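Peer 1: Next comes start-v5.pdb, PDB, C-alpha atoms and all ligand atoms:
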```pdb
ATOM      1  CA  MET O  25       0.000   0.000   0.000
ATOM      2  CA  LEU O  26       1.215   3.502  -0.785
ATOM      3  CA  SER O  27       1.868   5.446   2.394
ATOM      4  CA  PHE O  28       4.024   8.311   3.607
ATOM      5  CA  ASP O  29       5.064   6.112   6.532
ATOM      6  CA  SER O  30       7.482   4.272   4.271
ATOM      7  CA  PHE O  31       9.651   7.400   3.884
ATOM      8  CA  SER O  32      12.125   7.598   6.728
ATOM      9  CA  ASP O  33      14.395  10.212   5.132
ATOM     10  CA  ASN O  34      13.659  13.701   3.831
ATOM     11  CA  LYS O  35      11.301  14.453   6.699
ATOM     12  CA  GLU O  36      10.867  18.161   5.940
ATOM     13  CA  VAL O  37      10.072  17.659   2.273
ATOM     14  CA  ILE O  38       7.585  14.891   3.104
ATOM     15  CA  GLN O  39       5.959  16.990   5.831
ATOM     16  CA  SER O  40       5.483  19.996   3.619
ATOM     17  CA  LEU O  41       4.047  17.975   0.702
ATOM     18  CA  LYS O  42       1.763  16.066   3.053
ATOM     19  CA  ALA O  43       0.491  19.334   4.487
ATOM     20  CA  ALA O  44      -0.073  20.666   0.964
ATOM     21  CA  LEU O  45      -2.329  17.679   0.199
ATOM     22  CA  ASN O  46      -4.770  18.932   2.806
ATOM     23  CA  HIS O  47      -4.685  22.535   1.655
ATOM     24  CA  ARG O  48      -3.592  23.798  -1.703
ATOM     25  CA  PHE O  49      -1.440  21.378  -3.609
ATOM     26  CA  PRO O  50       0.709  22.939  -6.365
ATOM     27  CA  GLN O  51      -0.488  21.965  -9.851
ATOM     28  CA  THR O  52       3.026  21.278 -11.065
ATOM     29  CA  VAL O  53       5.651  19.645  -8.898
ATOM     30  CA  LEU O  54       9.203  18.662  -9.776
ATOM     31  CA  LEU O  55      10.897  16.104  -7.529
ATOM     32  CA  THR O  56      14.650  15.931  -7.975
ATOM     33  CA  GLY O  57      17.361  13.851  -6.330
ATOM     34  CA  SER O  58      19.853  11.187  -7.263
ATOM     35  CA  GLU O  59      18.996   7.671  -8.305
ATOM     36  CA  GLY O  60      17.519   5.671  -5.437
ATOM     37  CA  SER O  61      16.425   8.692  -3.422
ATOM     38  CA  GLY O  62      12.778   7.626  -3.574
ATOM     39  CA  LYS O  63      11.403  10.264  -5.970
ATOM     40  CA  TRP O  64       9.205   7.913  -7.950
ATOM     41  CA  SER O  65       7.687   6.227  -4.896
ATOM     42  CA  LEU O  66       6.989   9.651  -3.463
ATOM     43  CA  ALA O  67       5.382  10.782  -6.741
ATOM     44  CA  LYS O  68       3.078   7.743  -6.712
ATOM     45  CA  THR O  69       2.181   8.310  -3.072
ATOM     46  CA  LEU O  70       1.373  11.954  -3.780
ATOM     47  CA  ALA O  71      -0.814  10.933  -6.718
ATOM     48  CA  ALA O  72      -2.669   8.522  -4.435
ATOM     49  CA  GLY O  73      -3.054  11.326  -1.886
ATOM     50  CA  LEU O  74      -4.429  13.694  -4.528
ATOM     51  CA  LEU O  75      -7.026  11.157  -5.668
ATOM     52  CA  CYS O  76      -7.930   9.697  -2.245
ATOM     53  CA  THR O  77     -11.441  10.594  -1.088
ATOM     54  CA  SER O  78     -10.805  10.222   2.636
ATOM     55  CA  ASN O  79     -10.890  13.397   4.705
ATOM     56  CA  THR O  80      -7.919  12.491   6.836
ATOM     57  CA  ASN O  81      -4.646  10.737   6.384
ATOM     58  CA  LYS O  82      -4.472  10.663   2.584
ATOM     59  CA  PRO O  83      -3.829   8.233   0.955
ATOM     60  CA  CYS O  84      -6.018   6.125   3.241
ATOM     61  CA  GLY O  85      -5.579   2.844   1.364
ATOM     62  CA  ILE O  86      -9.237   1.983   1.941
ATOM     63  CA  CYS O  87     -11.449   4.240  -0.181
ATOM     64  CA  GLU O  88     -12.567   3.253  -3.668
ATOM     65  CA  SER O  89      -9.961   5.474  -5.268
ATOM     66  CA  CYS O  90      -7.112   3.955  -3.226
ATOM     67  CA  GLN O  91      -8.405   0.487  -4.092
ATOM     68  CA  LYS O  92      -8.408   1.295  -7.800
ATOM     69  CA  LEU O  93      -4.874   2.608  -7.541
ATOM     70  CA  LYS O  94      -3.822  -0.599  -5.865
ATOM     71  CA  HIS O  95      -5.142  -2.519  -8.854
ATOM     72  CA  ASN O  96      -3.665  -0.068 -11.333
ATOM     73  CA  SER O  97      -7.086   0.748 -12.683
ATOM     74  CA  HIS O  98      -7.689   4.368 -11.735
ATOM     75  CA  PRO O  99      -8.972   6.197 -14.812
ATOM     76  CA  ASP O 100      -7.763   9.601 -13.582
ATOM     77  CA  LEU O 101      -4.115   8.709 -13.212
ATOM     78  CA  GLU O 102      -1.751   8.793 -16.160
ATOM     79  CA  TYR O 103       1.831   7.510 -16.075
ATOM     80  CA  ILE O 104       4.658   8.394 -18.386
ATOM     81  CA  ASP O 105       7.376   5.996 -17.398
ATOM     82  CA  PHE O 106       9.935   4.940 -19.972
ATOM     83  CA  ASP O 107      13.061   3.237 -18.847
ATOM     84  CA  ASP O 108      15.239   3.915 -21.834
ATOM     85  CA  GLY O 109      15.704   6.448 -24.542
ATOM     86  CA  GLU O 110      14.188   9.857 -24.965
ATOM     87  CA  ILE O 111      10.512  10.654 -24.675
ATOM     88  CA  SER O 112       9.199  11.839 -28.026
ATOM     89  CA  VAL O 113       6.960  14.737 -28.899
ATOM     90  CA  ALA O 114       4.192  12.275 -29.852
ATOM     91  CA  VAL O 115       3.930  11.219 -26.204
ATOM     92  CA  ALA O 116       3.688  14.828 -25.036
ATOM     93  CA  ARG O 117       1.067  15.642 -27.682
ATOM     94  CA  ASP O 118      -0.961  12.621 -26.691
ATOM     95  CA  LEU O 119      -0.799  13.784 -23.116
ATOM     96  CA  ARG O 120      -1.903  17.244 -24.177
ATOM     97  CA  LYS O 121      -5.021  15.751 -25.731
ATOM     98  CA  LYS O 122      -5.803  13.556 -22.750
ATOM     99  CA  ILE O 123      -5.451  16.318 -20.227
ATOM    100  CA  TYR O 124      -8.488  18.128 -21.597
ATOM    101  CA  ILE O 125     -10.723  15.117 -21.001
ATOM    102  CA  LEU O 126     -12.582  15.751 -17.754
ATOM    103  CA  PRO O 127     -11.782  13.471 -14.808
ATOM    104  CA  ASN O 128     -13.842  10.310 -14.641
ATOM    105  CA  ASP O 129     -14.129   9.269 -11.027
ATOM    106  CA  SER O 130     -12.849  12.186  -9.041
ATOM    107  CA  ASP O 131     -12.539  15.893  -9.596
ATOM    108  CA  ARG O 132      -8.855  15.600 -10.400
ATOM    109  CA  ARG O 133      -6.616  14.140 -13.036
ATOM    110  CA  VAL O 134      -3.012  13.357 -12.098
ATOM    111  CA  ILE O 135      -0.123  12.924 -14.500
ATOM    112  CA  LEU O 136       3.173  11.425 -13.374
ATOM    113  CA  ILE O 137       6.221  11.825 -15.571
ATOM    114  CA  ARG O 138       9.308   9.810 -14.669
ATOM    115  CA  HIS O 139      12.811  10.816 -15.860
ATOM    116  CA  ALA O 140      11.357  14.123 -17.098
ATOM    117  CA  HIS O 141      14.777  15.140 -18.479
ATOM    118  CA  LYS O 142      14.306  12.415 -21.091
ATOM    119  CA  LEU O 143      11.546  14.406 -22.771
ATOM    120  CA  ASN O 144      13.269  15.733 -25.866
ATOM    121  CA  ILE O 145      13.170  19.455 -26.578
ATOM    122  CA  SER O 146      10.080  19.324 -28.824
ATOM    123  CA  ALA O 147       8.307  17.193 -26.231
ATOM    124  CA  GLN O 148       9.220  19.656 -23.508
ATOM    125  CA  ASN O 149       7.922  22.539 -25.577
ATOM    126  CA  ALA O 150       4.658  20.682 -26.194
ATOM    127  CA  LEU O 151       4.338  20.001 -22.488
ATOM    128  CA  LEU O 152       5.152  23.590 -21.630
ATOM    129  CA  LYS O 153       2.015  24.759 -23.425
ATOM    130  CA  VAL O 154      -0.091  22.698 -21.006
ATOM    131  CA  LEU O 155       1.900  23.686 -17.951
ATOM    132  CA  GLU O 156       1.478  27.355 -18.772
ATOM    133  CA  GLU O 157      -2.251  27.101 -18.282
ATOM    134  CA  PRO O 158      -3.283  23.715 -16.976
ATOM    135  CA  PRO O 159      -6.976  22.932 -16.521
ATOM    136  CA  LYS O 160      -7.968  23.470 -12.875
ATOM    137  CA  TYR O 161      -8.390  19.751 -12.252
ATOM    138  CA  ALA O 162      -4.959  18.741 -13.588
ATOM    139  CA  PHE O 163      -1.929  17.958 -11.441
ATOM    140  CA  PHE O 164       1.508  17.169 -12.823
ATOM    141  CA  ILE O 165       4.272  15.492 -10.851
ATOM    142  CA  LEU O 166       7.610  15.244 -12.646
ATOM    143  CA  THR O 167      10.620  13.384 -11.325
ATOM    144  CA  SER O 168      14.184  13.692 -12.537
ATOM    145  CA  GLU O 169      17.707  12.825 -11.470
ATOM    146  CA  GLN O 170      19.074  15.369 -13.943
ATOM    147  CA  ALA O 171      16.854  18.394 -13.702
ATOM    148  CA  GLY O 172      19.463  20.350 -15.660
ATOM    149  CA  GLY O 173      18.115  18.554 -18.745
ATOM    150  CA  ILE O 174      14.714  20.166 -18.235
ATOM    151  CA  LEU O 175      14.031  23.529 -19.847
ATOM    152  CA  GLU O 176      14.255  26.445 -17.449
ATOM    153  CA  THR O 177      10.823  27.570 -18.679
ATOM    154  CA  ILE O 178       9.357  24.294 -17.379
ATOM    155  CA  ARG O 179      11.337  24.255 -14.162
ATOM    156  CA  SER O 180      10.291  27.774 -13.289
ATOM    157  CA  ARG O 181       6.629  26.689 -13.426
ATOM    158  CA  CYS O 182       7.174  23.867 -10.959
ATOM    159  CA  SER O 183       7.264  23.769  -7.184
ATOM    160  CA  LYS O 184      10.623  22.103  -6.692
ATOM    161  CA  TYR O 185      11.552  19.596  -4.022
ATOM    162  CA  ASN O 186      14.952  17.984  -3.777
ATOM    163  CA  LEU O 187      15.322  14.619  -2.068
ATOM    164  CA  ALA O 188      18.547  13.824  -0.259
ATOM    165  CA  PRO O 189      20.364  10.621  -1.069
ATOM    166  CA  LYS O 190      19.938   7.971   1.604
ATOM    167  CA  ASN O 191      22.282   8.556   4.555
ATOM    168  CA  ASP O 192      23.823   5.119   4.456
ATOM    169  CA  ASP O 193      24.992   5.794   0.893
ATOM    170  CA  PHE O 194      27.783   7.973   2.220
ATOM    171  CA  ASP O 195      31.309   7.026   2.879
ATOM    172  CA  LEU O 196      32.671   9.994   4.799
ATOM    173  CA  SER O 197      36.352   9.109   4.352
ATOM    174  CA  LEU O 198      36.735  11.841   1.723
ATOM    175  CA  ILE O 199      34.862  14.511   3.630
ATOM    176  CA  ASP O 200      38.017  16.613   4.179
ATOM    177  CA  ASN O 201      38.767  16.800   0.449
ATOM    178  CA  VAL O 202      35.157  17.729  -0.204
ATOM    179  CA  SER O 203      35.162  20.322   2.557
ATOM    180  CA  GLY O 204      38.264  21.874   0.971
ATOM    181  CA  PHE O 205      36.508  22.075  -2.368
ATOM    182  CA  ILE O 206      33.307  23.594  -0.919
ATOM    183  CA  LYS O 207      35.341  26.237   0.947
ATOM    184  CA  ALA O 208      37.434  27.064  -2.120
ATOM    185  CA  LEU O 209      34.212  27.444  -4.078
ATOM    186  CA  SER O 210      32.782  29.810  -1.441
ATOM    187  CA  SER O 211      35.863  31.977  -1.694
ATOM    188  CA  ALA O 212      35.424  32.148  -5.492
ATOM    189  CA  ASP O 213      39.137  31.374  -5.775
ATOM    190  CA  GLU O 214      39.621  29.455  -8.988
ATOM    191  CA  TYR O 215      43.240  28.543  -8.186
ATOM    192  CA  LYS O 216      42.307  27.024  -4.810
ATOM    193  CA  MET O 217      39.481  25.162  -6.505
ATOM    194  CA  LEU O 218      41.883  23.760  -9.068
ATOM    195  CA  LEU O 219      44.324  22.559  -6.368
ATOM    196  CA  ASN O 220      41.433  20.880  -4.609
ATOM    197  CA  ALA O 221      39.983  19.319  -7.715
ATOM    198  CA  MET O 222      43.454  17.952  -8.509
ATOM    199  CA  SER O 223      43.414  16.036  -5.229
ATOM    200  CA  PHE O 224      40.463  14.096  -6.675
ATOM    201  CA  GLU O 225      42.468  13.029  -9.732
ATOM    202  CA  LYS O 226      44.396  10.416  -7.775
ATOM    203  CA  LEU O 227      41.236   8.707  -6.575
ATOM    204  CA  SER O 228      39.950   5.419  -7.890
ATOM    205  CA  LYS O 229      36.760   5.419  -9.934
ATOM    206  CA  SER O 230      34.605   4.419  -6.969
ATOM    207  CA  GLU O 231      36.295   6.968  -4.685
ATOM    208  CA  LEU O 232      35.780   9.706  -7.231
ATOM    209  CA  LYS O 233      32.127   8.751  -7.545
ATOM    210  CA  ASN O 234      31.836   8.896  -3.791
ATOM    211  CA  ALA O 235      33.543  12.311  -3.632
ATOM    212  CA  LEU O 236      31.131  13.692  -6.221
ATOM    213  CA  GLY O 237      28.256  12.169  -4.248
ATOM    214  CA  LEU O 238      29.477  14.045  -1.192
ATOM    215  CA  ILE O 239      29.728  17.309  -3.126
ATOM    216  CA  GLY O 240      26.158  16.703  -4.327
ATOM    217  CA  ALA O 241      25.021  16.080  -0.753
ATOM    218  CA  ALA O 242      26.734  19.271   0.428
ATOM    219  CA  LEU O 243      24.934  21.178  -2.340
ATOM    220  CA  HIS O 244      21.650  19.573  -1.317
ATOM    221  CA  ASP O 245      22.296  21.023   2.142
ATOM    222  CA  CYS O 246      23.040  24.455   0.633
ATOM    223  CA  ILE O 247      19.749  24.347  -1.282
ATOM    224  CA  PHE O 248      17.939  23.528   1.960
ATOM    225  CA  ILE O 249      19.692  26.323   3.833
ATOM    226  CA  ALA O 250      18.837  28.769   1.039
ATOM    227  CA  ASN O 251      15.177  27.752   1.532
ATOM    228  CA  ASN O 252      15.390  28.207   5.319
ATOM    229  CA  LEU O 253      14.895  24.490   5.857
ATOM    230  CA  SER O 254      16.917  22.325   8.179
ATOM    231  CA  GLY O 255      17.755  18.689   7.547
ATOM    232  CA  ASN O 256      21.419  18.634   6.544
ATOM    233  CA  VAL O 257      22.590  15.251   5.352
ATOM    234  CA  LEU O 258      26.270  16.050   5.998
ATOM    235  CA  PRO O 259      28.043  17.611   8.959
ATOM    236  CA  GLU O 260      28.800  21.319   8.526
ATOM    237  CA  ILE O 261      31.696  21.578   6.054
ATOM    238  CA  GLY O 262      31.024  25.058   4.744
ATOM    239  CA  GLN O 263      27.505  24.658   3.317
ATOM    240  CA  LYS O 264      26.208  27.755   5.174
ATOM    241  CA  GLU O 265      28.898  29.985   3.748
ATOM    242  CA  LEU O 266      28.355  28.682   0.214
ATOM    243  CA  ALA O 267      24.570  29.119   0.500
ATOM    244  CA  SER O 268      25.152  32.775   1.390
ATOM    245  CA  LYS O 269      27.493  33.359  -1.558
ATOM    246  CA  VAL O 270      25.737  31.602  -4.426
ATOM    247  CA  SER O 271      22.102  32.056  -5.496
ATOM    248  CA  TYR O 272      19.535  29.291  -5.156
ATOM    249  CA  GLU O 273      19.113  28.926  -8.940
ATOM    250  CA  ARG O 274      22.868  28.556  -9.431
ATOM    251  CA  LEU O 275      23.090  25.999  -6.616
ATOM    252  CA  ILE O 276      20.445  23.906  -8.353
ATOM    253  CA  LYS O 277      22.346  24.138 -11.644
ATOM    254  CA  LEU O 278      25.550  23.096  -9.931
ATOM    255  CA  TYR O 279      23.790  20.207  -8.202
ATOM    256  CA  ASP O 280      22.563  18.943 -11.586
ATOM    257  CA  PHE O 281      26.010  19.343 -13.074
ATOM    258  CA  ILE O 282      27.633  17.301 -10.283
ATOM    259  CA  GLU O 283      25.069  14.545 -10.877
ATOM    260  CA  THR O 284      25.984  14.587 -14.589
ATOM    261  CA  LEU O 285      29.667  14.292 -13.705
ATOM    262  CA  ARG O 286      28.927  11.334 -11.444
ATOM    263  CA  LEU O 287      27.225   9.590 -14.355
ATOM    264  CA  ARG O 288      30.231  10.381 -16.552
ATOM    265  CA  VAL O 289      32.549   8.732 -14.032
ATOM    266  CA  GLN O 290      30.269   5.724 -14.083
ATOM    267  CA  GLY O 291      30.558   5.744 -17.867
ATOM    268  CA  ASN O 292      34.365   5.574 -17.566
ATOM    269  CA  ALA O 293      35.315   9.210 -18.232
ATOM    270  CA  ALA O 294      39.001   9.888 -17.426
ATOM    271  CA  PRO O 295      39.410  11.288 -13.869
ATOM    272  CA  SER O 296      41.690  14.099 -15.114
ATOM    273  CA  ILE O 297      39.008  15.339 -17.505
ATOM    274  CA  VAL O 298      36.292  15.019 -14.882
ATOM    275  CA  CYS O 299      38.353  16.989 -12.359
ATOM    276  CA  ALA O 300      39.252  19.746 -14.814
ATOM    277  CA  SER O 301      35.655  20.131 -15.832
ATOM    278  CA  LEU O 302      34.537  20.028 -12.176
ATOM    279  CA  CYS O 303      36.679  23.043 -11.433
ATOM    280  CA  ALA O 304      36.003  25.085 -14.566
ATOM    281  CA  GLU O 305      32.261  24.443 -14.794
ATOM    282  CA  ALA O 306      31.604  24.875 -11.069
ATOM    283  CA  TYR O 307      33.287  28.257 -11.174
ATOM    284  CA  GLN O 308      31.346  29.285 -14.246
ATOM    285  CA  ILE O 309      27.976  28.106 -12.911
ATOM    286  CA  CYS O 310      28.472  29.918  -9.606
ATOM    287  CA  PHE O 311      30.142  33.145 -10.573
ATOM    288  CA  MET O 312      29.836  34.029 -14.242
TER     289      MET O 312
HETATM  290 ZN    ZN L   1      -8.133   6.720   0.030
END
```
Can you present the structure in this file as structure tokens?
Peer 2:
Amino acid sequence: MLSFDSFSDNKEVIQSLKAALNHRFPQTVLLTGSEGSGKWSLAKTLAAGLLCTSNTNKPCGICESCQKLKHNSHPDLEYIDFDDGEISVAVARDLRKKIYILPNDSDRRVILIRHAHKLNISAQNALLKVLEEPPKYAFFILTSEQAGGILETIRSRCSKYNLAPKNDDFDLSLIDNVSGFIKALSSADEYKMLLNAMSFEKLSKSELKNALGLIGAALHDCIFIANNLSGNVLPEIGQKELASKVSYERLIKLYDFIETLRLRVQGNAAPSIVCASLCAEAYQICFM
């Protein structure tokens, strides 16, 4: 059964979305976070909550709507969930048609889009037209582990929530290197950043992936701090300072970029190239 009780991490994000279910839920939500952070499960739980007819504790798991969801037969829920390849404009156009059909059972229609960055540019533009003025009954929940691949025009229309990676994913042995990098970034000192990034070059592939994961986690903390939320996933290693120096939008861009780099390491990119691009791009994203 879909329930918020199954989410032990990301308490603040869960709390605020849960509260929104009982008041005014945003019509377009973007859930970001690395692979395995629970975005898709959360999206499905939110959809169940939006369609549940109980007055308390949505999704209740008991009402007719919750039962239909359990059997995958709710007519007012639409999934776009492709595992591989890009999502074509035909899919987005089809969605555009469907969205104007009034809800069947409830007074809402919910659309879930997984890996939203896989919508190609034409598909994103087609979707944008709906997101600009969605029918009152329509709710979109997009999830992505690379929100940088989503057009800014779409992102700016979404209420954004970033999920932290699971705590036990972290190996803190490289925290000092990462702290050095975060502090160098705060000081906007490109030379210091380069020296720090070079210390990552000697790492093995799995260590480098871990270091980038830690940088991503530190940035997640910065994004939280910039939103006046608590819930750091790492100890304080300079996140506060960085959050005061770099704008929220730029932090999000940098977070996406780090996630892209992590995927490149996975795809066997040379550490020297990854480290050089870490330094140059991070500086550019934050300060230029
Ligand atoms: Zn229910």
Peer 1: Would you mind listing, for every residue of range 38-118 of chain O within 12 Å of range 191-214 of chain O, the two atoms forming the shortest contact and the distance between them in Å to one decimal, using all atoms listed in the file, sorted by chain and ascending residue number, as a tab-separated table?
Peer 2:
```
residue	atom	partner	partner_atom	distance
O:Ser58	CA	O:Asp193	CA	11.0
O:Glu59	CA	O:Asp193	CA	11.1
O:Gly60	CA	O:Asp193	CA	9.8
O:Ser61	CA	O:Asn191	CA	9.9
```
Peer 1: Could you state which residues are captured by the PyMOL selection byres (((chain O and resi 125-129) around 12) and not hetatm) in this file, as JSON, numbers by chain?
Peer 2: {"O": [75, 76, 77, 88, 89, 90, 92, 93, 97, 98, 99, 100, 101, 102, 118, 119, 120, 121, 122, 123, 124, 130, 131, 132, 133, 134, 135, 159, 160, 161, 162, 163]}
Peer 1: Quick check, in Å to one decimal: how far apart do CA of Leu41 in chain O and CA of Thr80 in chain O lie?
Peer 2: 14.5 Å
Peer 1: Check the smallest atom-to-atom distance from each of O:Tyr307, O:Tyr215, O:Phe28, O:Phe49 to Cys84 in chain O using only C-alpha atoms, then report the winner.
Peer 2: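 Counting only C-alpha atoms, the residue closest to Cys84 in chain O is O:Phe28.
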Peer 1: Translate the PyMOL selection byres (((chain O and resi 145) around 12) and not hetatm), as applied to the file shown, into an explicit residue set as a PyMOL selection string.
Peer 2: chain O and resi 110-114+116+140-144+146-152+173-178
Peer 1: The PyMOL selection byres (((chain O and resi 186) around 6) and not hetatm) on the file shown: which residues, as a list in words?
Peer 2: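 So the PyMOL selection byres (((chain O and resi 186) around 6) and not hetatm) ends up selecting Leu55, Thr56, Gly57, Tyr185 and Leu187 of chain O.
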Peer 1: When you look at Tyr279 in chain O with a cut-off of 8 Å (counting only C-alpha atoms), what residues show up, excluding the ones that are within fewer than 5 positions of it in the same chain? I need them as a list in words.
Peer 2: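 Listed by chain and then number, they are Gly240, Leu243 and His244 of chain O.
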Peer 1: Of the residues O:Leu166, O:Ala242, O:Ala43, O:Ala306, which is the one nearest to Pro259 in chain O, using all atoms listed in the file?
Peer 2: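 That would be O:Ala242, the residue with the smallest distance to Pro259 in chain O.
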Peer 1: Which one is closest to ligand ZN 1 (chain L): O:Asn256, O:Ser180, O:Ser65, O:Ser78? Count all atoms listed in the file.
Peer 2: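 The closest residue to ligand ZN 1 (chain L) is O:Ser78.
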Peer 1: Give me, please, the distance in Å between CA of Ser27 in chain O and CA of Thr69 in chain O, quoted to one decimal.
Peer 2: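 Spanning CA of Ser27 in chain O to CA of Thr69 in chain O is a straight-line distance of 6.2 Å.
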Peer 1: What's the separation between CA of Ser183 in chain O and CA of Arg138 in chain O, in Å to one decimal place?
Peer 2: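 Going from CA of Ser183 in chain O over to CA of Arg138 in chain O covers 16.0 Å.
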Peer 1: Considering only C-alpha atoms and all ligand atoms, can you say which of O:Asn96, O:Ser223, O:Ser271, O:Asn81 comes closest to ligand ZN 1 (chain L)?
Peer 2: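 Of the candidates, the smallest distance to ligand ZN 1 (chain L) is held by O:Asn81.
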Peer 1: My list of candidates is O:Gln263, O:Thr284, O:Gln290, O:Gln91. Which is closest to ligand ZN 1 (chain L) when distances are computed with only C-alpha atoms and all ligand atoms?
Peer 2: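 Going through O:Gln263, O:Thr284, O:Gln290, O:Gln91 one by one, the smallest distance to ligand ZN 1 (chain L) is for O:Gln91.
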Peer 1: Give me the residues near Val298 in chain O as a JSON list (two decimals) with C-alpha atoms, in the frame of the given file, where near means some atom within 8 Å (using all atoms listed in the file) and where sequence neighbours in that chain fewer than 4 positions away do not count.
Peer 2:
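Result written to selection.json:
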```
[["chain", "number", "residue", "atom", "x", "y", "z"],
["O", 285, "LEU", "CA", 29.67, 14.29, -13.70],
["O", 288, "ARG", "CA", 30.23, 10.38, -16.55],
["O", 289, "VAL", "CA", 32.55, 8.73, -14.03],
["O", 293, "ALA", "CA", 35.32, 9.21, -18.23],
["O", 294, "ALA", "CA", 39.00, 9.89, -17.43],
["O", 302, "LEU", "CA", 34.54, 20.03, -12.18]]
```
Peer 1: Closest to Arg274 in chain O among O:Glu169, O:Asp29, O:Glu305, O:Glu156, using all atoms listed in the file?
Peer 2: O:Glu305
Peer 1: Emit as lines of an AutoDock Vina configuration file the padded axis-aligned box for all listed atoms of range 151-154 of chain O, 6 Å per side, with centre and edge lengths in Å to one decimal.
Peer 2:
```
center_x = 2.5
center_y = 22.4
center_z = -22.2
size_x = 17.2
size_y = 16.8
size_z = 14.4
```
Peer 1: For Asn79 in chain O, please output as number ranges by chain all residues within 12 Å (counting all atoms listed in the file; exclusion window: fewer than 6 positions along the same chain).
Peer 2: O: 45-47, 73, 86-87
Peer 1: Take the point (35.2, 14.9, -11.2) as written in the file and pick out every residue within 9 Å of it, counting all atoms listed in the file; give the list as a PDB file with C-alpha atoms, in the coordinates of the input.
Peer 2:
```pdb
ATOM      1  CA  ALA O 221      39.983  19.319  -7.715  1.00  0.00           C
ATOM      2  CA  PHE O 224      40.463  14.096  -6.675  1.00  0.00           C
ATOM      3  CA  GLU O 225      42.468  13.029  -9.732  1.00  0.00           C
ATOM      4  CA  LEU O 232      35.780   9.706  -7.231  1.00  0.00           C
ATOM      5  CA  LYS O 233      32.127   8.751  -7.545  1.00  0.00           C
ATOM      6  CA  ALA O 235      33.543  12.311  -3.632  1.00  0.00           C
ATOM      7  CA  LEU O 236      31.131  13.692  -6.221  1.00  0.00           C
ATOM      8  CA  ILE O 282      27.633  17.301 -10.283  1.00  0.00           C
ATOM      9  CA  LEU O 285      29.667  14.292 -13.705  1.00  0.00           C
ATOM     10  CA  ARG O 286      28.927  11.334 -11.444  1.00  0.00           C
ATOM     11  CA  ARG O 288      30.231  10.381 -16.552  1.00  0.00           C
ATOM     12  CA  VAL O 289      32.549   8.732 -14.032  1.00  0.00           C
ATOM     13  CA  ALA O 294      39.001   9.888 -17.426  1.00  0.00           C
ATOM     14  CA  PRO O 295      39.410  11.288 -13.869  1.00  0.00           C
ATOM     15  CA  SER O 296      41.690  14.099 -15.114  1.00  0.00           C
ATOM     16  CA  ILE O 297      39.008  15.339 -17.505  1.00  0.00           C
ATOM     17  CA  VAL O 298      36.292  15.019 -14.882  1.00  0.00           C
ATOM     18  CA  CYS O 299      38.353  16.989 -12.359  1.00  0.00           C
ATOM     19  CA  ALA O 300      39.252  19.746 -14.814  1.00  0.00           C
ATOM     20  CA  SER O 301      35.655  20.131 -15.832  1.00  0.00           C
ATOM     21  CA  LEU O 302      34.537  20.028 -12.176  1.00  0.00           C
ATOM     22  CA  CYS O 303      36.679  23.043 -11.433  1.00  0.00           C
TER      23      CYS O 303
END
```
Peer 1: What lies within 9 Å of Cys182 in chain O using all atoms listed in the file, ignoring chain neighbours under 3 positions off, as a PDB file with C-alpha atoms, in the frame of the given file?
Peer 2:
```pdb
ATOM      1  CA  PRO O  50       0.709  22.939  -6.365  1.00  0.00           C
ATOM      2  CA  GLN O  51      -0.488  21.965  -9.851  1.00  0.00           C
ATOM      3  CA  THR O  52       3.026  21.278 -11.065  1.00  0.00           C
ATOM      4  CA  VAL O  53       5.651  19.645  -8.898  1.00  0.00           C
ATOM      5  CA  LEU O  54       9.203  18.662  -9.776  1.00  0.00           C
ATOM      6  CA  LEU O 155       1.900  23.686 -17.951  1.00  0.00           C
ATOM      7  CA  PHE O 164       1.508  17.169 -12.823  1.00  0.00           C
ATOM      8  CA  ILE O 165       4.272  15.492 -10.851  1.00  0.00           C
ATOM      9  CA  LEU O 166       7.610  15.244 -12.646  1.00  0.00           C
ATOM     10  CA  ILE O 178       9.357  24.294 -17.379  1.00  0.00           C
ATOM     11  CA  ARG O 179      11.337  24.255 -14.162  1.00  0.00           C
TER      12      ARG O 179
END
```
Peer 1: Could I get range 37-44 of chain O from the block written out with N, CA and C atoms, as a CSV table (one decimal), in the first residue's frame?
Peer 2:
```csv
chain,number,residue,atom,x,y,z
O,37,VAL,N,10.7,17.7,3.6
O,37,VAL,CA,10.1,17.7,2.3
O,37,VAL,C,8.7,16.9,2.4
O,38,ILE,N,8.8,15.7,3.0
O,38,ILE,CA,7.6,14.9,3.1
O,38,ILE,C,6.5,15.6,3.9
O,39,GLN,N,6.9,16.3,5.0
O,39,GLN,CA,6.0,17.0,5.8
O,39,GLN,C,5.3,18.1,5.0
O,40,SER,N,6.1,18.8,4.3
O,40,SER,CA,5.5,20.0,3.6
O,40,SER,C,4.6,19.6,2.5
O,41,LEU,N,4.9,18.5,1.8
O,41,LEU,CA,4.0,18.0,0.7
O,41,LEU,C,2.8,17.4,1.3
O,42,LYS,N,2.9,16.7,2.4
O,42,LYS,CA,1.8,16.1,3.1
O,42,LYS,C,0.8,17.2,3.5
O,43,ALA,N,1.3,18.2,4.0
O,43,ALA,CA,0.5,19.3,4.5
O,43,ALA,C,-0.2,20.0,3.3
O,44,ALA,N,0.5,20.1,2.2
O,44,ALA,CA,-0.1,20.7,1.0
O,44,ALA,C,-1.3,19.9,0.5
```
